[in-house]
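The structure file model_17.cif is reproduced below (mmCIF, C-alpha atoms; chains and numbers go by the auth columns).
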data_entry
#
loop_
_atom_site.group_PDB
_atom_site.id
_atom_site.type_symbol
_atom_site.label_atom_id
_atom_site.label_comp_id
_atom_site.label_asym_id
_atom_site.label_seq_id
_atom_site.Cartn_x
_atom_site.Cartn_y
_atom_site.Cartn_z
_atom_site.B_iso_or_equiv
_atom_site.auth_seq_id
_atom_site.auth_asym_id
ATOM 1 C CA MET A 1 0.000 0.000 0.000 0.00 1 A
ATOM 2 C CA GLU A 2 1.466 3.389 -1.030 0.00 2 A
ATOM 3 C CA ARG A 3 2.070 6.002 1.636 0.00 3 A
ATOM 4 C CA THR A 4 0.455 9.424 1.287 0.00 4 A
ATOM 5 C CA ASP A 5 2.912 11.490 3.301 0.00 5 A
ATOM 6 C CA TYR A 6 5.518 11.979 0.593 0.00 6 A
ATOM 7 C CA ILE A 7 6.154 13.655 -2.766 0.00 7 A
ATOM 8 C CA TYR A 8 8.397 12.110 -5.398 0.00 8 A
ATOM 9 C CA GLY A 9 10.205 13.367 -8.483 0.00 9 A
ATOM 10 C CA ILE A 10 12.743 16.185 -8.746 0.00 10 A
ATOM 11 C CA ARG A 11 10.472 18.844 -10.257 0.00 11 A
ATOM 12 C CA ALA A 12 7.548 17.917 -7.982 0.00 12 A
ATOM 13 C CA VAL A 13 9.724 18.249 -4.890 0.00 13 A
ATOM 14 C CA ILE A 14 11.119 21.603 -6.033 0.00 14 A
ATOM 15 C CA GLU A 15 7.596 22.886 -6.633 0.00 15 A
ATOM 16 C CA ALA A 16 6.442 21.622 -3.229 0.00 16 A
ATOM 17 C CA ILE A 17 9.273 23.497 -1.519 0.00 17 A
ATOM 18 C CA GLU A 18 8.579 26.646 -3.541 0.00 18 A
ATOM 19 C CA ALA A 19 4.887 26.398 -2.607 0.00 19 A
ATOM 20 C CA GLY A 20 5.767 26.365 1.097 0.00 20 A
ATOM 21 C CA LYS A 21 4.927 22.734 1.851 0.00 21 A
ATOM 22 C CA GLU A 22 6.291 21.689 5.217 0.00 22 A
ATOM 23 C CA ILE A 23 9.031 19.174 4.400 0.00 23 A
ATOM 24 C CA ASP A 24 10.442 16.909 7.091 0.00 24 A
ATOM 25 C CA LYS A 25 13.367 15.722 4.959 0.00 25 A
ATOM 26 C CA VAL A 26 14.351 15.055 1.362 0.00 26 A
ATOM 27 C CA MET A 27 15.931 11.718 0.509 0.00 27 A
ATOM 28 C CA ILE A 28 18.207 11.892 -2.527 0.00 28 A
ATOM 29 C CA LYS A 29 19.849 9.070 -4.457 0.00 29 A
ATOM 30 C CA LYS A 30 23.559 9.003 -3.665 0.00 30 A
ATOM 31 C CA ASP A 31 24.864 9.684 -7.172 0.00 31 A
ATOM 32 C CA LEU A 32 22.134 12.066 -8.346 0.00 32 A
ATOM 33 C CA ASN A 33 23.431 14.967 -10.437 0.00 33 A
ATOM 34 C CA GLY A 34 22.498 17.188 -13.351 0.00 34 A
ATOM 35 C CA GLU A 35 21.056 20.649 -13.929 0.00 35 A
ATOM 36 C CA LEU A 36 17.635 19.926 -12.395 0.00 36 A
ATOM 37 C CA ALA A 37 19.246 18.186 -9.423 0.00 37 A
ATOM 38 C CA ASN A 38 21.408 21.266 -8.853 0.00 38 A
ATOM 39 C CA GLU A 39 18.270 23.408 -8.817 0.00 39 A
ATOM 40 C CA LEU A 40 16.864 21.119 -6.140 0.00 40 A
ATOM 41 C CA PHE A 41 20.053 21.375 -4.073 0.00 41 A
ATOM 42 C CA ASP A 42 19.848 25.177 -4.281 0.00 42 A
ATOM 43 C CA VAL A 43 16.289 25.386 -2.914 0.00 43 A
ATOM 44 C CA ILE A 44 17.108 22.837 -0.188 0.00 44 A
ATOM 45 C CA ARG A 45 20.036 24.981 0.964 0.00 45 A
ATOM 46 C CA ARG A 46 18.042 28.186 0.681 0.00 46 A
ATOM 47 C CA ASP A 47 15.153 26.890 2.796 0.00 47 A
ATOM 48 C CA ARG A 48 17.354 24.985 5.273 0.00 48 A
ATOM 49 C CA ILE A 49 15.648 21.676 4.567 0.00 49 A
ATOM 50 C CA TYR A 50 17.214 18.529 5.951 0.00 50 A
ATOM 51 C CA SER A 51 18.370 16.168 3.215 0.00 51 A
ATOM 52 C CA GLN A 52 19.925 12.694 3.142 0.00 52 A
ATOM 53 C CA ARG A 53 21.902 10.882 0.469 0.00 53 A
ATOM 54 C CA VAL A 54 20.561 7.324 0.379 0.00 54 A
ATOM 55 C CA PRO A 55 20.887 4.156 -1.721 0.00 55 A
ATOM 56 C CA ILE A 56 18.345 3.703 -4.498 0.00 56 A
ATOM 57 C CA GLU A 57 16.997 0.656 -2.636 0.00 57 A
ATOM 58 C CA LYS A 58 15.779 2.852 0.220 0.00 58 A
ATOM 59 C CA LEU A 59 13.797 5.024 -2.185 0.00 59 A
ATOM 60 C CA ASN A 60 12.345 1.980 -3.931 0.00 60 A
ATOM 61 C CA LYS A 61 11.031 0.684 -0.598 0.00 61 A
ATOM 62 C CA ILE A 62 8.893 3.814 -0.308 0.00 62 A
ATOM 63 C CA THR A 63 7.574 3.804 -3.863 0.00 63 A
ATOM 64 C CA ARG A 64 8.218 1.949 -7.111 0.00 64 A
ATOM 65 C CA LYS A 65 6.903 4.859 -9.125 0.00 65 A
ATOM 66 C CA ASN A 66 9.258 7.087 -11.141 0.00 66 A
ATOM 67 C CA HIS A 67 10.771 9.004 -8.232 0.00 67 A
ATOM 68 C CA GLN A 68 13.831 10.099 -10.274 0.00 68 A
ATOM 69 C CA GLY A 69 16.020 9.549 -7.239 0.00 69 A
ATOM 70 C CA VAL A 70 14.213 12.060 -5.002 0.00 70 A
ATOM 71 C CA ILE A 71 11.503 11.623 -2.365 0.00 71 A
ATOM 72 C CA ALA A 72 10.385 14.346 0.062 0.00 72 A
ATOM 73 C CA ILE A 73 8.759 13.240 3.310 0.00 73 A
ATOM 74 C CA LEU A 74 6.122 15.700 4.458 0.00 74 A
ATOM 75 C CA SER A 75 6.082 16.941 8.041 0.00 75 A
ATOM 76 C CA ALA A 76 3.094 16.241 10.268 0.00 76 A
ATOM 77 C CA VAL A 77 3.188 19.835 11.577 0.00 77 A
ATOM 78 C CA THR A 78 4.445 23.280 10.654 0.00 78 A
ATOM 79 C CA TYR A 79 7.712 24.011 12.402 0.00 79 A
ATOM 80 C CA HIS A 80 8.182 27.334 14.155 0.00 80 A
ATOM 81 C CA ARG A 81 11.208 29.637 14.140 0.00 81 A
ATOM 82 C CA LEU A 82 12.911 30.239 17.441 0.00 82 A
ATOM 83 C CA ASP A 83 13.684 33.852 16.534 0.00 83 A
ATOM 84 C CA HIS A 84 9.939 34.387 16.111 0.00 84 A
ATOM 85 C CA ILE A 85 8.837 32.478 19.227 0.00 85 A
ATOM 86 C CA VAL A 86 11.214 34.196 21.674 0.00 86 A
ATOM 87 C CA PRO A 87 10.159 37.836 21.105 0.00 87 A
ATOM 88 C CA GLN A 88 6.498 36.823 20.926 0.00 88 A
ATOM 89 C CA LEU A 89 6.661 35.207 24.367 0.00 89 A
ATOM 90 C CA TYR A 90 8.136 38.381 25.848 0.00 90 A
ATOM 91 C CA GLU A 91 5.488 40.476 24.105 0.00 91 A
ATOM 92 C CA ASP A 92 2.819 38.207 25.611 0.00 92 A
ATOM 93 C CA GLY A 93 4.164 38.984 29.070 0.00 93 A
ATOM 94 C CA VAL A 94 4.901 35.396 30.072 0.00 94 A
ATOM 95 C CA VAL A 95 8.012 34.052 31.784 0.00 95 A
ATOM 96 C CA PRO A 96 9.181 31.692 29.044 0.00 96 A
ATOM 97 C CA PHE A 97 9.875 28.014 29.565 0.00 97 A
ATOM 98 C CA LEU A 98 11.435 26.033 26.713 0.00 98 A
ATOM 99 C CA MET A 99 12.585 22.419 26.405 0.00 99 A
ATOM 100 C CA VAL A 100 15.704 21.896 24.266 0.00 100 A
ATOM 101 C CA LEU A 101 16.368 18.371 22.996 0.00 101 A
ATOM 102 C CA ASP A 102 19.967 17.781 21.974 0.00 102 A
ATOM 103 C CA GLY A 103 19.961 14.767 19.669 0.00 103 A
ATOM 104 C CA ILE A 104 16.957 12.794 20.924 0.00 104 A
ATOM 105 C CA THR A 105 16.425 10.071 18.313 0.00 105 A
ATOM 106 C CA ASP A 106 13.826 7.755 19.845 0.00 106 A
ATOM 107 C CA VAL A 107 10.366 8.716 18.608 0.00 107 A
ATOM 108 C CA ARG A 108 8.641 7.287 21.692 0.00 108 A
ATOM 109 C CA ASN A 109 10.763 9.366 24.042 0.00 109 A
ATOM 110 C CA PHE A 110 10.140 12.454 21.940 0.00 110 A
ATOM 111 C CA GLY A 111 6.403 11.872 21.925 0.00 111 A
ATOM 112 C CA ALA A 112 6.330 11.294 25.678 0.00 112 A
ATOM 113 C CA ILE A 113 8.355 14.457 26.328 0.00 113 A
ATOM 114 C CA ALA A 114 6.052 16.479 24.085 0.00 114 A
ATOM 115 C CA ARG A 115 2.992 15.130 25.891 0.00 115 A
ATOM 116 C CA THR A 116 4.388 16.138 29.288 0.00 116 A
ATOM 117 C CA CYS A 117 5.504 19.539 28.025 0.00 117 A
ATOM 118 C CA GLU A 118 2.110 20.344 26.569 0.00 118 A
ATOM 119 C CA CYS A 119 0.339 19.321 29.781 0.00 119 A
ATOM 120 C CA ALA A 120 2.728 21.451 31.853 0.00 120 A
ATOM 121 C CA GLY A 121 2.394 24.563 29.691 0.00 121 A
ATOM 122 C CA VAL A 122 5.903 24.544 28.223 0.00 122 A
ATOM 123 C CA ASP A 123 6.047 27.232 25.537 0.00 123 A
ATOM 124 C CA ALA A 124 7.984 25.313 22.874 0.00 124 A
ATOM 125 C CA ILE A 125 10.342 22.432 22.187 0.00 125 A
ATOM 126 C CA VAL A 126 13.590 23.011 20.289 0.00 126 A
ATOM 127 C CA ILE A 127 15.151 20.227 18.207 0.00 127 A
ATOM 128 C CA PRO A 128 18.087 20.196 15.754 0.00 128 A
ATOM 129 C CA LEU A 129 17.744 19.934 12.005 0.00 129 A
ATOM 130 C CA ASN A 130 19.636 16.646 11.762 0.00 130 A
ATOM 131 C CA LYS A 131 20.688 13.700 13.924 0.00 131 A
ATOM 132 C CA SER A 132 17.389 14.020 15.740 0.00 132 A
ATOM 133 C CA VAL A 133 13.849 12.763 15.791 0.00 133 A
ATOM 134 C CA SER A 134 11.342 14.906 13.896 0.00 134 A
ATOM 135 C CA VAL A 135 7.583 15.415 14.059 0.00 135 A
ATOM 136 C CA SER A 136 6.482 12.314 12.197 0.00 136 A
ATOM 137 C CA GLY A 137 3.133 10.588 12.269 0.00 137 A
ATOM 138 C CA ASP A 138 4.529 8.143 14.833 0.00 138 A
ATOM 139 C CA ALA A 139 5.692 11.006 17.043 0.00 139 A
ATOM 140 C CA MET A 140 2.288 12.615 16.761 0.00 140 A
ATOM 141 C CA LYS A 141 0.603 9.390 17.854 0.00 141 A
ATOM 142 C CA THR A 142 3.022 8.823 20.747 0.00 142 A
ATOM 143 C CA SER A 143 2.442 12.370 21.968 0.00 143 A
ATOM 144 C CA ALA A 144 -1.311 11.672 22.165 0.00 144 A
ATOM 145 C CA GLY A 145 -1.873 14.677 19.915 0.00 145 A
ATOM 146 C CA ALA A 146 0.181 17.097 22.024 0.00 146 A
ATOM 147 C CA LEU A 147 2.294 18.018 18.998 0.00 147 A
ATOM 148 C CA ASN A 148 -0.812 19.539 17.429 0.00 148 A
ATOM 149 C CA TYR A 149 -0.676 22.247 20.092 0.00 149 A
ATOM 150 C CA LEU A 150 2.940 22.512 21.251 0.00 150 A
ATOM 151 C CA PRO A 151 5.222 24.615 19.000 0.00 151 A
ATOM 152 C CA VAL A 152 8.333 22.808 17.795 0.00 152 A
ATOM 153 C CA CYS A 153 11.308 24.856 16.604 0.00 153 A
ATOM 154 C CA ARG A 154 13.659 22.973 14.291 0.00 154 A
ATOM 155 C CA GLU A 155 17.007 24.754 14.337 0.00 155 A
ATOM 156 C CA LYS A 156 20.136 24.212 12.279 0.00 156 A
ATOM 157 C CA SER A 157 22.267 23.934 15.429 0.00 157 A
ATOM 158 C CA ILE A 158 21.361 23.359 19.076 0.00 158 A
ATOM 159 C CA ALA A 159 24.493 25.228 20.113 0.00 159 A
ATOM 160 C CA GLY A 160 23.388 28.174 17.992 0.00 160 A
ATOM 161 C CA ALA A 161 19.895 28.016 19.482 0.00 161 A
ATOM 162 C CA VAL A 162 21.313 27.985 23.018 0.00 162 A
ATOM 163 C CA ARG A 163 23.531 30.994 22.257 0.00 163 A
ATOM 164 C CA PHE A 164 20.494 32.839 20.913 0.00 164 A
ATOM 165 C CA LEU A 165 18.482 32.031 24.054 0.00 165 A
ATOM 166 C CA LYS A 166 21.311 33.170 26.324 0.00 166 A
ATOM 167 C CA ASP A 167 21.559 36.435 24.400 0.00 167 A
ATOM 168 C CA ASN A 168 17.835 36.900 25.036 0.00 168 A
ATOM 169 C CA GLY A 169 17.994 36.476 28.788 0.00 169 A
ATOM 170 C CA TYR A 170 17.307 32.768 29.268 0.00 170 A
ATOM 171 C CA MET A 171 18.945 30.680 31.966 0.00 171 A
ATOM 172 C CA ILE A 172 20.141 27.468 30.286 0.00 172 A
ATOM 173 C CA VAL A 173 19.861 24.423 32.548 0.00 173 A
ATOM 174 C CA ALA A 174 21.591 21.178 31.600 0.00 174 A
ATOM 175 C CA ALA A 175 20.197 17.900 32.917 0.00 175 A
ATOM 176 C CA THR A 176 23.344 15.831 33.305 0.00 176 A
ATOM 177 C CA GLU A 177 25.196 13.380 35.537 0.00 177 A
ATOM 178 C CA LYS A 178 27.913 16.074 35.661 0.00 178 A
ATOM 179 C CA SER A 179 25.488 18.052 37.802 0.00 179 A
ATOM 180 C CA GLU A 180 26.599 20.676 40.273 0.00 180 A
ATOM 181 C CA ILE A 181 23.348 20.711 42.260 0.00 181 A
ATOM 182 C CA ASN A 182 20.166 18.775 42.886 0.00 182 A
ATOM 183 C CA TYR A 183 17.488 19.725 40.351 0.00 183 A
ATOM 184 C CA THR A 184 15.288 21.198 43.118 0.00 184 A
ATOM 185 C CA GLN A 185 17.990 23.723 44.074 0.00 185 A
ATOM 186 C CA ALA A 186 17.953 25.684 40.825 0.00 186 A
ATOM 187 C CA ASP A 187 15.728 28.759 40.592 0.00 187 A
ATOM 188 C CA TYR A 188 13.325 28.402 37.660 0.00 188 A
ATOM 189 C CA ASN A 189 11.350 31.582 38.308 0.00 189 A
ATOM 190 C CA LYS A 190 12.902 33.327 35.325 0.00 190 A
ATOM 191 C CA PRO A 191 13.092 32.685 31.575 0.00 191 A
ATOM 192 C CA VAL A 192 14.478 29.164 31.413 0.00 192 A
ATOM 193 C CA ALA A 193 15.426 26.514 28.871 0.00 193 A
ATOM 194 C CA ILE A 194 16.093 22.981 30.039 0.00 194 A
ATOM 195 C CA VAL A 195 18.464 20.959 27.869 0.00 195 A
ATOM 196 C CA MET A 196 18.031 17.189 27.687 0.00 196 A
ATOM 197 C CA GLY A 197 20.687 15.090 25.944 0.00 197 A
ATOM 198 C CA SER A 198 20.555 12.079 23.683 0.00 198 A
ATOM 199 C CA GLU A 199 19.677 8.660 25.061 0.00 199 A
ATOM 200 C CA ASP A 200 23.185 7.248 24.681 0.00 200 A
ATOM 201 C CA THR A 201 25.744 10.072 24.869 0.00 201 A
ATOM 202 C CA GLY A 202 23.900 12.817 26.723 0.00 202 A
ATOM 203 C CA ILE A 203 24.319 16.520 25.975 0.00 203 A
ATOM 204 C CA SER A 204 27.043 17.264 23.437 0.00 204 A
ATOM 205 C CA PRO A 205 30.205 18.870 24.904 0.00 205 A
ATOM 206 C CA GLU A 206 29.762 22.072 22.860 0.00 206 A
ATOM 207 C CA VAL A 207 26.235 22.592 24.164 0.00 207 A
ATOM 208 C CA LEU A 208 27.155 21.570 27.705 0.00 208 A
ATOM 209 C CA ARG A 209 29.836 24.289 27.840 0.00 209 A
ATOM 210 C CA LEU A 210 27.212 26.894 26.979 0.00 210 A
ATOM 211 C CA CYS A 211 24.826 25.951 29.800 0.00 211 A
ATOM 212 C CA ASP A 212 24.581 28.213 32.849 0.00 212 A
ATOM 213 C CA THR A 213 24.053 25.480 35.395 0.00 213 A
ATOM 214 C CA TYR A 214 24.022 21.681 35.602 0.00 214 A
ATOM 215 C CA VAL A 215 21.351 19.864 37.589 0.00 215 A
ATOM 216 C CA GLY A 216 20.889 16.213 38.451 0.00 216 A
ATOM 217 C CA ILE A 217 18.123 13.947 39.703 0.00 217 A
ATOM 218 C CA PRO A 218 19.082 11.799 42.710 0.00 218 A
ATOM 219 C CA GLN A 219 19.165 8.073 41.950 0.00 219 A
ATOM 220 C CA PHE A 220 19.438 5.262 44.467 0.00 220 A
ATOM 221 C CA GLY A 221 19.018 2.120 42.364 0.00 221 A
ATOM 222 C CA ASN A 222 21.478 -0.080 40.539 0.00 222 A
ATOM 223 C CA ILE A 223 21.049 1.115 36.951 0.00 223 A
ATOM 224 C CA GLU A 224 22.895 4.149 35.633 0.00 224 A
ATOM 225 C CA SER A 225 20.234 6.585 34.509 0.00 225 A
ATOM 226 C CA LEU A 226 16.576 7.433 34.113 0.00 226 A
ATOM 227 C CA ASN A 227 14.822 7.247 30.766 0.00 227 A
ATOM 228 C CA VAL A 228 15.155 10.682 29.150 0.00 228 A
ATOM 229 C CA SER A 229 11.405 11.220 28.915 0.00 229 A
ATOM 230 C CA VAL A 230 10.982 10.443 32.623 0.00 230 A
ATOM 231 C CA ALA A 231 13.841 12.780 33.535 0.00 231 A
ATOM 232 C CA ALA A 232 12.323 15.518 31.381 0.00 232 A
ATOM 233 C CA GLY A 233 9.005 15.043 33.163 0.00 233 A
ATOM 234 C CA VAL A 234 10.597 15.337 36.600 0.00 234 A
ATOM 235 C CA LEU A 235 12.387 18.561 35.688 0.00 235 A
ATOM 236 C CA THR A 236 9.383 20.035 33.915 0.00 236 A
ATOM 237 C CA TYR A 237 7.140 19.663 36.922 0.00 237 A
ATOM 238 C CA GLU A 238 9.777 21.076 39.257 0.00 238 A
ATOM 239 C CA VAL A 239 9.576 24.255 37.175 0.00 239 A
ATOM 240 C CA VAL A 240 5.783 24.152 37.481 0.00 240 A
ATOM 241 C CA ARG A 241 5.968 23.526 41.240 0.00 241 A
ATOM 242 C CA GLN A 242 8.301 26.449 41.873 0.00 242 A
ATOM 243 C CA ARG A 243 6.274 28.831 39.749 0.00 243 A
ATOM 244 C CA LEU A 244 3.020 27.851 41.422 0.00 244 A
ATOM 245 C CA ASN A 245 4.593 28.314 44.865 0.00 245 A
ATOM 246 C CA SER A 246 5.834 31.767 43.894 0.00 246 A
ATOM 247 C CA ASP A 247 2.367 32.756 42.617 0.00 247 A
ATOM 248 C CA MET A 248 3.820 33.103 39.139 0.00 248 A
ATOM 249 C CA GLU A 249 1.230 32.585 36.456 0.00 249 A
ATOM 250 C CA VAL A 250 1.433 29.101 34.920 0.00 250 A
ATOM 251 C CA LYS A 251 -0.402 28.502 31.659 0.00 251 A
#

Give the structure from this file in structure tokens form.
Amino acid sequence: MERTDYIYGIRAVIEAIEAGKEIDKVMIKKDLNGELANELFDVIRRDRIYSQRVPIEKLNKITRKNHQGVIAILSAVTYHRLDHIVPQLYEDGVVPFLMVLDGITDVRNFGAIARTCECAGVDAIVIPLNKSVSVSGDAMKTSAGALNYLPVCREKSIAGAVRFLKDNGYMIVAATEKSEINYTQADYNKPVAIVMGSEDTGISPEVLRLCDTYVGIPQFGNIESLNVSVAAGVLTYEVVRQRLNSDMEVK
């Protein structure tokens, strides 16, 4: 049975991008070249669309139709721009709360984090353009529909996004085993962005160096770490708890 969440063919994909279709990623045959292919590469670069070079077999698994070596997977949502979200939150008079996901690749964890964030009134999630989960149909299902309501900003670089947030007055909190303090000891009654790292390697060193403070969740069992979605939930509701106790408005 053919999927309906993709567009195939070089010209069709170019036209979809030009028309403003929300593209999750473009898969391109490894050795694709030529004048029309170069036009495609130009619009991909211009619009900062994630692309992958893949074997022809991978494309053929999606469709046997004449894809010409190019298939674009459509996004389940419209991504937001961080440089639009941040000033809007200040204009709205809220104390912003963002969740930054540095390389989360498991769709179930992403969906669970999004579900918690939406319930807790987090203002947006930030994810990187590549080496990360995206808002797919599976993520939408796992989030129980939360991704229909929670803005997701897909940025070229998490390090760049963190620098931008710092420049705009956010405290950047890293959830890491390299923690300096217990997670309850940080003050979240200010613009804050919590950074959660990938399931296997944690927060990347470049991003970790940019964070203002490191916090940890006490653990007393025999295994090494909490599931990232559980850890994100614990930290998220500590922010909520502190803001409620300080009479700060929580959405």

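As for CA of Lys58 in chain A and CA of Ile158 in chain A, they are spaced 28.4 Å apart.
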
Nearby residues (all atoms listed in the file) at most 6 Å from range 153-156 of chain A, same-chain spacing under 5 positions excluded, as a PyMOL selection string
chain A and resi 79-82+126-129

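Every protein, DNA or RNA residue with an atom at most 9 Å from Asn227 in chain A, where only C-alpha atoms count and chain neighbours fewer than 5 positions away do not, is listed here: A:Asn109, A:Glu199, A:Ala232.
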
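Distance check against Ser204 in chain A using all atoms listed in the file: of A:Ala175, A:Leu165, A:Ile17, A:Leu74, the minimum falls on A:Ala175.
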
Could you give me, as an NGL selection string, the residues that have an atom at most 12 Å away from the point (13.6, 9.6, 42.4) in the coordinates of the file, using only C-alpha atoms?
:A and (182-184 or 216-221 or 225-227 or 230-231 or 233-235)

Residues within 10 Å of Thr213 in chain A, all atoms listed in the file, excluding chain neighbours under 6 positions, as a ChimeraX atom specification:
/A:171-176,179-181,186,194

Applied to this file, what does the PyMOL selection byres ((chain A and resi 97) around 9) return in terms of residues, put as an mmCIF file with C-alpha atoms, in the frame of the given file?
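Listing of result-v6.cif after writing:
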data_model
loop_
_atom_site.group_PDB
_atom_site.id
_atom_site.type_symbol
_atom_site.label_atom_id
_atom_site.label_comp_id
_atom_site.auth_asym_id
_atom_site.auth_seq_id
_atom_site.Cartn_x
_atom_site.Cartn_y
_atom_site.Cartn_z
ATOM 1 C CA VAL A 94 4.901 35.396 30.072
ATOM 2 C CA VAL A 95 8.012 34.052 31.784
ATOM 3 C CA PRO A 96 9.181 31.692 29.044
ATOM 4 C CA LEU A 98 11.435 26.033 26.713
ATOM 5 C CA MET A 99 12.585 22.419 26.405
ATOM 6 C CA GLY A 121 2.394 24.563 29.691
ATOM 7 C CA VAL A 122 5.903 24.544 28.223
ATOM 8 C CA ASP A 123 6.047 27.232 25.537
ATOM 9 C CA ALA A 124 7.984 25.313 22.874
ATOM 10 C CA TYR A 170 17.307 32.768 29.268
ATOM 11 C CA TYR A 188 13.325 28.402 37.660
ATOM 12 C CA LYS A 190 12.902 33.327 35.325
ATOM 13 C CA PRO A 191 13.092 32.685 31.575
ATOM 14 C CA VAL A 192 14.478 29.164 31.413
ATOM 15 C CA ALA A 193 15.426 26.514 28.871
ATOM 16 C CA ILE A 194 16.093 22.981 30.039
ATOM 17 C CA VAL A 239 9.576 24.255 37.175
#

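Distance annotation: of A:Lys141, A:Arg64, A:Asp187, A:Pro205, the residue with the minimal separation from Ser246 in chain A is A:Asp187; atom set is only C-alpha atoms.
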
Which residue, A:Asn38, A:Ser198, A:Thr78, A:Asn60, has the smallest gap to Asp106 in chain A when you use all atoms listed in the file?
A:Ser198

Closest of A:Ser51, A:Val70, A:Arg209, A:Ile62 to Val13 in chain A, counting all atoms listed in the file, is A:Val70

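Reported to one decimal place, the separation of CA of Val215 in chain A from CA of Pro87 in chain A is 26.8 Å.
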
Return the padded bounding box of range 64-80 of chain A as AutoDock Vina command-line options: axis-aligned, built from all atoms listed in the file, 8 Å added on each side, with centre and edge lengths in Å to one decimal.
--center_x 9.6 --center_y 14.6 --center_z 1.5 --size_x 28.9 --size_y 41.4 --size_z 41.3

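Across the model, the gap from CA of Met27 in chain A to CA of Gly137 in chain A is 17.4 Å.
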